[in-house]
Amino acid sequence: MTLKILQYGTTGQVGREILRQAPAHAVALTALSRAEADLADPEAAARHVRDLAPDLVILAAAYTAVDQAESEPGLAHEINGEAPAAIAAACAAAGAALVHFSTDYVFDGRKPEPYVEDDATNPLNVYGASKLSGERMALAASPRTTVLRTSWVVSAHGKNFVKTMLRLGREGQPLRVVDDQFGRPTSAADLAGFVLAQAPRLAAAKAGDPVFGLFHFANAGETTWRGFAQGTLDLALGAAAPVVAPIATAERPAPAERPLHGTLGTGKLERTFGYAPRPWRDAVGEIVAELAATGA
Ligand SMILES: NC(=O)c1ccc[n+]([C@@H]2O[C@H](COP(=O)([O-])OP(=O)(O)OC[C@H]3O[C@@H](n4cnc5c(N)ncnc54)[C@H](OP(=O)(O)O)[C@@H]3O)[C@@H](O)[C@H]2O)c1
C-alpha cells in the first residue's frame with residue numbers, strides 16, 4: 001500500500017528537497033503551503049491531520065528568522081512551540097507518526113565536545129527557546145514523534161550560507177567570516193533523503209520503538225563558519241578561490257546571541273537507523289555543482 005504523507009511547508013530548504021525527492025520513493029505526498037496551513041493558527045493547521053488521516057506527518061515549516069525572533073517572541077513561540085504541539089496531538093489521535101525538526105540553538109554552546117541528545121539545553125535566543133518548547137511539547141503529545149535536531153542547513157535554493165558566500169566570492173568582495181563558532185553543516189537534500197528513506201519504518205513502528213524520540217542529524221565534520229565559507233569557495237573556484245579572513249563573533253554583533261559550540265554528535269542516529277552521514281564537503285560539492293549547472 002502506498003504510504004500517505006502529509007507535509008507542512010513547501011518553500012523552505014528541507015520542504016523543497018522532500019518534494020523534489022518524493023517521487024523516487026513512491027509515496028503519496030500532500031504538501032501544504034503557508035496559505036493552506038498557517039502555523040500561526042496551530043489548531044487550524046493541525047486539523048489537516050484529521051482530514052487527511054496520513055500514515056506520516058513531516059513538519060518542515062517553522063519560524064526560522066533567528067534575529068527577527070528577538071522582536072517577535074510571541075509569534076515564534078506560536079509557530080515553533082504551539083503548532084508542533086497541536087500537530088503532534090492530532091497525529092496521536094489520527095494514528096500518524098510525526099517527523100519534526102529542531103536545532104543546535106537549543107544549547108548554549110559552552111560544551112566544547114559534540115552535544116548528545118540528553119545534554120542539558122539552555123537556549124541563548126528566542127528562536128532556540130521556541131524550538132526547544134516545540135520539540136518538548138511534540139514529544140510529550142505523541143509517543144510516535146521523531147525530532148531531528150539539525151544545524152547550518154544549506155541547499156541549492158532559498159537563502160542560505162553557501163549561496164551567500166558564492167555570491168560574495170564572485171563579486172570579489174573581501175570576505176571576513178566568524179571563526180569562533182563551531183558546528184556541522186547539513187545538506188537539506190541529505191536530511192530529506194534520510195526522512196524519506198525512513199518513512200516506511202517510521203509509519204509502521206509502534207510507540208516505544210527506538211526510532212521515536214530525539215536525534216541529532218548533521219553532515220560529518222566539524223568546522224567554523226569561516227572554514228565552511230572557505231571550503232565552499234574552494235569547491236566552487238578551486239585555486240582561484242579568495243582567502244576568507246577570520247573574525248570573532250564579537251566583531252559582528254547581531255540581535256540574537258549564537259552558541260559558540262553547536263556541534264551535534266550523531267552517534268545515536270547512526271546506531272538507531274544504521275545511517276552514516278557523509279562529509280559536509282561532499283554534500284556542499286553537490287550543491288555547488290547544481291548551482292553551476294543551473295547558472296544560479
Ligand atoms: N536553516 C537552518 O540552518 C536550520 C538549522 C537548524 C534547524 N533548522 C530547522 O530545520 C527545519 C527546516 O528549516 P529550513 O531551513 O528548511 O527552513 P526555511 O528554508 O527557512 O523555510 C521555512 C519554511 O517555513 C514556512 N513557514 C514560515 N512561517 C510559517 C507559518 N506561519 N505557517 C506555515 N509555514 C510557515 C516558510 O514558508 P514561507 O515561504 O511562506 O515563508 C518555509 O516554507 C526547521 O524546523 C528549522 O527550525 C534549520
# chains A, B, ... in the order shown; residues from 1 in each chain; ligands from 1
>>> residues_near_ligand(ligand="ligand 1", cutoff="8 Å", atoms="only C-alpha atoms and all ligand atoms", output="MDAnalysis selection string")
chainID A and resid 8:16 33:35 37:41 59:65 79:80 100:105 131 149:154 158:160 186 188
>>> write_last_selection(atoms="C-alpha atoms", output="PDB file, in the first residue's frame")
ATOM      1  CA  TYR A   8       3.765  21.195   6.287  1.00  0.00           C
ATOM      2  CA  GLY A   9       5.917  23.598   4.256  1.00  0.00           C
ATOM      3  CA  THR A  10       6.534  23.738   0.512  1.00  0.00           C
ATOM      4  CA  THR A  11       9.008  26.591   0.073  1.00  0.00           C
ATOM      5  CA  GLY A  12      11.706  26.030   2.707  1.00  0.00           C
ATOM      6  CA  GLN A  13      15.019  24.289   2.140  1.00  0.00           C
ATOM      7  CA  VAL A  14      14.036  20.958   3.689  1.00  0.00           C
ATOM      8  CA  GLY A  15      10.445  21.045   2.448  1.00  0.00           C
ATOM      9  CA  ARG A  16      11.515  21.655  -1.137  1.00  0.00           C
ATOM     10  CA  SER A  33       1.939  25.903   1.876  1.00  0.00           C
ATOM     11  CA  ARG A  34       1.655  28.674   4.450  1.00  0.00           C
ATOM     12  CA  ALA A  35      -1.507  29.889   2.658  1.00  0.00           C
ATOM     13  CA  ALA A  37      -1.929  25.849   6.679  1.00  0.00           C
ATOM     14  CA  ASP A  38      -0.624  28.824   8.635  1.00  0.00           C
ATOM     15  CA  LEU A  39       1.207  27.586  11.713  1.00  0.00           C
ATOM     16  CA  ALA A  40       0.442  30.897  13.425  1.00  0.00           C
ATOM     17  CA  ASP A  41      -3.009  29.313  13.919  1.00  0.00           C
ATOM     18  CA  LEU A  59       6.646  19.252   9.823  1.00  0.00           C
ATOM     19  CA  ALA A  60       9.057  21.092   7.524  1.00  0.00           C
ATOM     20  CA  ALA A  61       7.723  24.602   8.190  1.00  0.00           C
ATOM     21  CA  ALA A  62       8.969  26.779  11.017  1.00  0.00           C
ATOM     22  CA  TYR A  63       9.730  30.324  12.096  1.00  0.00           C
ATOM     23  CA  THR A  64      13.434  30.385  11.138  1.00  0.00           C
ATOM     24  CA  ALA A  65      14.318  34.117  11.193  1.00  0.00           C
ATOM     25  CA  ILE A  79       4.727  28.750  15.212  1.00  0.00           C
ATOM     26  CA  ASN A  80       7.674  26.802  16.687  1.00  0.00           C
ATOM     27  CA  HIS A 100       9.724  17.261  13.341  1.00  0.00           C
ATOM     28  CA  PHE A 101      12.934  19.312  13.073  1.00  0.00           C
ATOM     29  CA  SER A 102      14.761  21.241  15.754  1.00  0.00           C
ATOM     30  CA  THR A 103      18.088  22.989  16.116  1.00  0.00           C
ATOM     31  CA  ASP A 104      21.510  23.090  17.763  1.00  0.00           C
ATOM     32  CA  TYR A 105      20.428  26.501  19.088  1.00  0.00           C
ATOM     33  CA  LYS A 131      12.244  25.410  19.085  1.00  0.00           C
ATOM     34  CA  ARG A 149      17.837  18.432  15.636  1.00  0.00           C
ATOM     35  CA  THR A 150      19.949  19.758  12.823  1.00  0.00           C
ATOM     36  CA  SER A 151      22.396  22.613  12.168  1.00  0.00           C
ATOM     37  CA  TRP A 152      23.697  25.003   9.479  1.00  0.00           C
ATOM     38  CA  VAL A 153      21.261  23.788   6.803  1.00  0.00           C
ATOM     39  CA  VAL A 154      22.147  24.580   3.183  1.00  0.00           C
ATOM     40  CA  GLY A 158      16.362  29.607  -0.758  1.00  0.00           C
ATOM     41  CA  LYS A 159      18.569  31.958   1.187  1.00  0.00           C
ATOM     42  CA  ASN A 160      21.472  30.202   2.830  1.00  0.00           C
ATOM     43  CA  THR A 186      23.911  19.962   6.925  1.00  0.00           C
ATOM     44  CA  ALA A 188      18.828  19.783   3.187  1.00  0.00           C
TER      45      ALA A 188
END
>>> residues_around(residues="region 243-260 of chain A", least_positions_apart="6", cutoff="10 Å", atoms="only C-alpha atoms", output="tab-separated table (two decimals) with N, CA and C atoms, in the first residue's frame")
chain	number	residue	atom	x	y	z
A	66	VAL	N	16.14	33.91	12.79
A	66	VAL	CA	16.73	33.87	14.14
A	66	VAL	C	16.81	35.26	14.78
A	67	ASP	N	17.29	36.24	14.03
A	67	ASP	CA	17.42	37.57	14.63
A	67	ASP	C	16.07	38.25	14.81
A	68	GLN	N	15.21	38.09	13.82
A	68	GLN	CA	13.87	38.72	13.88
A	68	GLN	C	13.05	38.18	15.05
A	69	ALA	N	13.30	36.93	15.42
A	69	ALA	CA	12.55	36.31	16.51
A	69	ALA	C	12.72	37.08	17.82
A	70	GLU	N	13.86	37.75	17.97
A	70	GLU	CA	14.08	38.51	19.21
A	70	GLU	C	13.00	39.58	19.41
A	71	SER	N	12.46	40.10	18.31
A	71	SER	CA	11.42	41.13	18.44
A	71	SER	C	10.02	40.58	18.20
A	104	ASP	N	20.40	23.04	16.80
A	104	ASP	CA	21.51	23.09	17.76
A	104	ASP	C	21.39	24.32	18.67
A	105	TYR	N	20.57	25.29	18.27
A	105	TYR	CA	20.43	26.50	19.09
A	105	TYR	C	19.63	26.26	20.37
A	106	VAL	N	19.23	25.02	20.64
A	106	VAL	CA	18.65	24.71	21.96
A	106	VAL	C	19.76	24.67	23.02
A	107	PHE	N	21.03	24.61	22.57
A	107	PHE	CA	22.17	24.54	23.50
A	107	PHE	C	22.82	25.91	23.65
A	108	ASP	N	23.56	26.09	24.77
A	108	ASP	CA	24.23	27.38	24.97
A	108	ASP	C	25.64	27.40	24.40
A	109	GLY	N	26.13	26.25	23.90
A	109	GLY	CA	27.42	26.24	23.21
A	109	GLY	C	28.62	26.31	24.14
A	110	ARG	N	28.39	26.04	25.43
A	110	ARG	CA	29.55	26.13	26.35
A	110	ARG	C	30.25	24.78	26.48
A	111	LYS	N	29.72	23.73	25.83
A	111	LYS	CA	30.36	22.42	25.89
A	111	LYS	C	31.29	22.29	24.68
A	112	PRO	N	32.57	22.10	24.90
A	112	PRO	CA	33.48	22.06	23.74
A	112	PRO	C	33.36	20.78	22.92
A	122	ASN	N	19.92	24.92	27.01
A	122	ASN	CA	19.90	26.26	27.60
A	122	ASN	C	19.99	27.28	26.46
A	123	PRO	N	18.87	27.47	25.75
A	123	PRO	CA	18.94	28.34	24.56
A	123	PRO	C	19.33	29.77	24.91
A	124	LEU	N	20.11	30.38	24.01
A	124	LEU	CA	20.59	31.74	24.24
A	124	LEU	C	19.69	32.76	23.58
A	125	ASN	N	18.80	32.31	22.69
A	125	ASN	CA	17.97	33.28	21.97
A	125	ASN	C	16.52	32.80	21.87
A	126	VAL	N	15.66	33.70	21.45
A	126	VAL	CA	14.21	33.43	21.39
A	126	VAL	C	13.92	32.27	20.45
A	127	TYR	N	14.58	32.25	19.28
A	127	TYR	CA	14.36	31.17	18.31
A	127	TYR	C	14.67	29.82	18.97
A	128	GLY	N	15.83	29.72	19.62
A	128	GLY	CA	16.22	28.46	20.27
A	128	GLY	C	15.22	28.05	21.35
A	165	MET	N	27.89	33.03	0.32
A	165	MET	CA	29.34	33.05	0.17
A	165	MET	C	29.75	33.00	-1.30
A	169	GLY	N	31.89	35.83	-3.03
A	169	GLY	CA	33.16	35.42	-3.63
A	169	GLY	C	33.24	35.84	-5.08
A	174	PRO	N	36.00	41.49	-0.21
A	174	PRO	CA	36.85	40.90	0.83
A	174	PRO	C	35.96	40.15	1.84
A	175	LEU	N	36.32	38.92	2.12
A	175	LEU	CA	35.46	38.09	2.96
A	175	LEU	C	36.05	37.95	4.36
A	176	ARG	N	35.24	38.34	5.35
A	176	ARG	CA	35.63	38.21	6.75
A	176	ARG	C	34.51	37.46	7.44
A	177	VAL	N	34.81	36.26	7.95
A	177	VAL	CA	33.74	35.40	8.46
A	177	VAL	C	34.12	34.89	9.86
A	178	VAL	N	33.09	34.76	10.67
A	178	VAL	CA	33.26	34.35	12.07
A	178	VAL	C	33.99	33.00	12.18
A	179	ASP	N	35.02	32.99	13.01
A	179	ASP	CA	35.85	31.79	13.11
A	179	ASP	C	35.87	31.20	14.52
A	180	ASP	N	34.96	31.68	15.38
A	180	ASP	CA	34.93	31.12	16.74
A	180	ASP	C	33.59	30.48	17.08
A	181	GLN	N	32.77	30.23	16.04
A	181	GLN	CA	31.54	29.43	16.24
A	181	GLN	C	31.73	28.12	15.49
A	182	PHE	N	31.58	27.01	16.22
A	182	PHE	CA	31.83	25.69	15.64
A	182	PHE	C	30.52	24.93	15.44
A	183	GLY	N	30.45	24.16	14.35
A	183	GLY	CA	29.25	23.37	14.11
A	183	GLY	C	29.43	22.41	12.96
A	224	THR	N	34.18	25.80	11.39
A	224	THR	CA	33.65	27.10	11.81
A	224	THR	C	32.96	27.71	10.60
A	225	TRP	N	32.27	28.83	10.81
A	225	TRP	CA	31.63	29.49	9.65
A	225	TRP	C	32.71	29.90	8.64
A	226	ARG	N	33.90	30.33	9.14
A	226	ARG	CA	34.96	30.69	8.20
A	226	ARG	C	35.42	29.45	7.42
A	227	GLY	N	35.60	28.33	8.13
A	227	GLY	CA	36.02	27.09	7.46
A	227	GLY	C	34.98	26.63	6.44
A	228	PHE	N	33.72	26.83	6.79
A	228	PHE	CA	32.61	26.46	5.90
A	228	PHE	C	32.65	27.34	4.64
A	229	ALA	N	32.89	28.64	4.86
A	229	ALA	CA	32.96	29.57	3.73
A	229	ALA	C	34.14	29.22	2.82
A	230	GLN	N	35.30	28.99	3.43
A	230	GLN	CA	36.49	28.69	2.64
A	230	GLN	C	36.31	27.39	1.86
A	231	GLY	N	35.76	26.38	2.54
A	231	GLY	CA	35.54	25.09	1.89
A	231	GLY	C	34.60	25.22	0.70
A	233	LEU	N	34.02	27.99	-1.13
A	233	LEU	CA	34.67	28.73	-2.22
A	233	LEU	C	35.73	27.87	-2.90
A	234	ASP	N	36.45	27.07	-2.13
A	234	ASP	CA	37.45	26.18	-2.73
A	234	ASP	C	36.77	25.20	-3.69
>>> atom_distance(atom1="CA of Val57 (chain A)", atom2="CA of Phe217 (chain A)")
18.2 Å
>>> residues_around(residues="Ile287 (chain A)", least_positions_apart="5", cutoff="10 Å", atoms="only C-alpha atoms", output="PyMOL selection string")
chain A and resi 154-157+162-163+187-189+232+235-236+281-282+292-293
>>> select_by_dssp(residues="region 42-87 of chain A", states="strand (DSSP E)", output="ChimeraX atom specification")
/A:56-59
>>> write_last_selection(atoms="all heavy atoms", output="PDB file, in the first residue's frame")
ATOM      1  N   LEU A  56       2.070   9.304   7.956  1.00  0.00           N
ATOM      2  CA  LEU A  56       3.216  10.039   8.499  1.00  0.00           C
ATOM      3  C   LEU A  56       3.027  11.526   8.219  1.00  0.00           C
ATOM      4  O   LEU A  56       2.582  11.903   7.127  1.00  0.00           O
ATOM      5  CB  LEU A  56       4.509   9.555   7.813  1.00  0.00           C
ATOM      6  CG  LEU A  56       5.809  10.253   8.202  1.00  0.00           C
ATOM      7  CD1 LEU A  56       6.230   9.865   9.620  1.00  0.00           C
ATOM      8  CD2 LEU A  56       6.936   9.892   7.227  1.00  0.00           C
ATOM      9  N   VAL A  57       3.389  12.350   9.189  1.00  0.00           N
ATOM     10  CA  VAL A  57       3.371  13.802   9.012  1.00  0.00           C
ATOM     11  C   VAL A  57       4.806  14.313   9.116  1.00  0.00           C
ATOM     12  O   VAL A  57       5.558  13.896  10.001  1.00  0.00           O
ATOM     13  CB  VAL A  57       2.480  14.483  10.081  1.00  0.00           C
ATOM     14  CG1 VAL A  57       2.607  15.999  10.014  1.00  0.00           C
ATOM     15  CG2 VAL A  57       1.030  14.058   9.897  1.00  0.00           C
ATOM     16  N   ILE A  58       5.183  15.193   8.188  1.00  0.00           N
ATOM     17  CA  ILE A  58       6.513  15.814   8.235  1.00  0.00           C
ATOM     18  C   ILE A  58       6.312  17.313   8.415  1.00  0.00           C
ATOM     19  O   ILE A  58       5.699  17.972   7.568  1.00  0.00           O
ATOM     20  CB  ILE A  58       7.311  15.539   6.936  1.00  0.00           C
ATOM     21  CG1 ILE A  58       7.445  14.042   6.692  1.00  0.00           C
ATOM     22  CG2 ILE A  58       8.686  16.194   7.026  1.00  0.00           C
ATOM     23  CD1 ILE A  58       8.087  13.687   5.332  1.00  0.00           C
ATOM     24  N   LEU A  59       6.824  17.830   9.514  1.00  0.00           N
ATOM     25  CA  LEU A  59       6.646  19.252   9.823  1.00  0.00           C
ATOM     26  C   LEU A  59       7.890  20.016   9.386  1.00  0.00           C
ATOM     27  O   LEU A  59       8.859  20.166  10.139  1.00  0.00           O
ATOM     28  CB  LEU A  59       6.379  19.420  11.327  1.00  0.00           C
ATOM     29  CG  LEU A  59       6.104  20.810  11.885  1.00  0.00           C
ATOM     30  CD1 LEU A  59       5.235  21.641  10.969  1.00  0.00           C
ATOM     31  CD2 LEU A  59       5.472  20.699  13.253  1.00  0.00           C
TER      32      LEU A  59
END
>>> atom_distance(atom1="CA of Pro242 (chain A)", atom2="CA of Gly172 (chain A)")
7.8 Å
>>> select_by_dssp(residues="region 170-217 of chain A", states="helix (DSSP H, G or I)", output="ChimeraX atom specification")
/A:170,188-204
>>> write_last_selection(atoms="C-alpha atoms", output="PDB file, in the first residue's frame")
ATOM      1  CA  ARG A 170      32.092  36.029  -7.220  1.00  0.00           C
ATOM      2  CA  ALA A 188      18.828  19.783   3.187  1.00  0.00           C
ATOM      3  CA  ALA A 189      18.970  17.154   0.435  1.00  0.00           C
ATOM      4  CA  ASP A 190      20.663  14.635   2.747  1.00  0.00           C
ATOM      5  CA  LEU A 191      18.172  15.352   5.520  1.00  0.00           C
ATOM      6  CA  ALA A 192      15.237  14.982   3.115  1.00  0.00           C
ATOM      7  CA  GLY A 193      16.658  11.749   1.693  1.00  0.00           C
ATOM      8  CA  PHE A 194      17.065  10.342   5.179  1.00  0.00           C
ATOM      9  CA  VAL A 195      13.488  11.175   6.186  1.00  0.00           C
ATOM     10  CA  LEU A 196      12.002   9.683   3.016  1.00  0.00           C
ATOM     11  CA  ALA A 197      14.130   6.544   3.282  1.00  0.00           C
ATOM     12  CA  GLN A 198      12.993   6.054   6.889  1.00  0.00           C
ATOM     13  CA  ALA A 199       9.343   6.964   6.222  1.00  0.00           C
ATOM     14  CA  PRO A 200       8.061   3.370   5.841  1.00  0.00           C
ATOM     15  CA  ARG A 201       9.824   2.271   9.014  1.00  0.00           C
ATOM     16  CA  LEU A 202       8.548   5.258  10.996  1.00  0.00           C
ATOM     17  CA  ALA A 203       4.997   4.817   9.729  1.00  0.00           C
ATOM     18  CA  ALA A 204       4.988   1.136  10.712  1.00  0.00           C
TER      19      ALA A 204
END
>>> closest_residue(among="A:Arg144, A:His25, A:Arg20, A:His77", to="Asp55 (chain A)", atoms="only C-alpha atoms")
A:Arg144
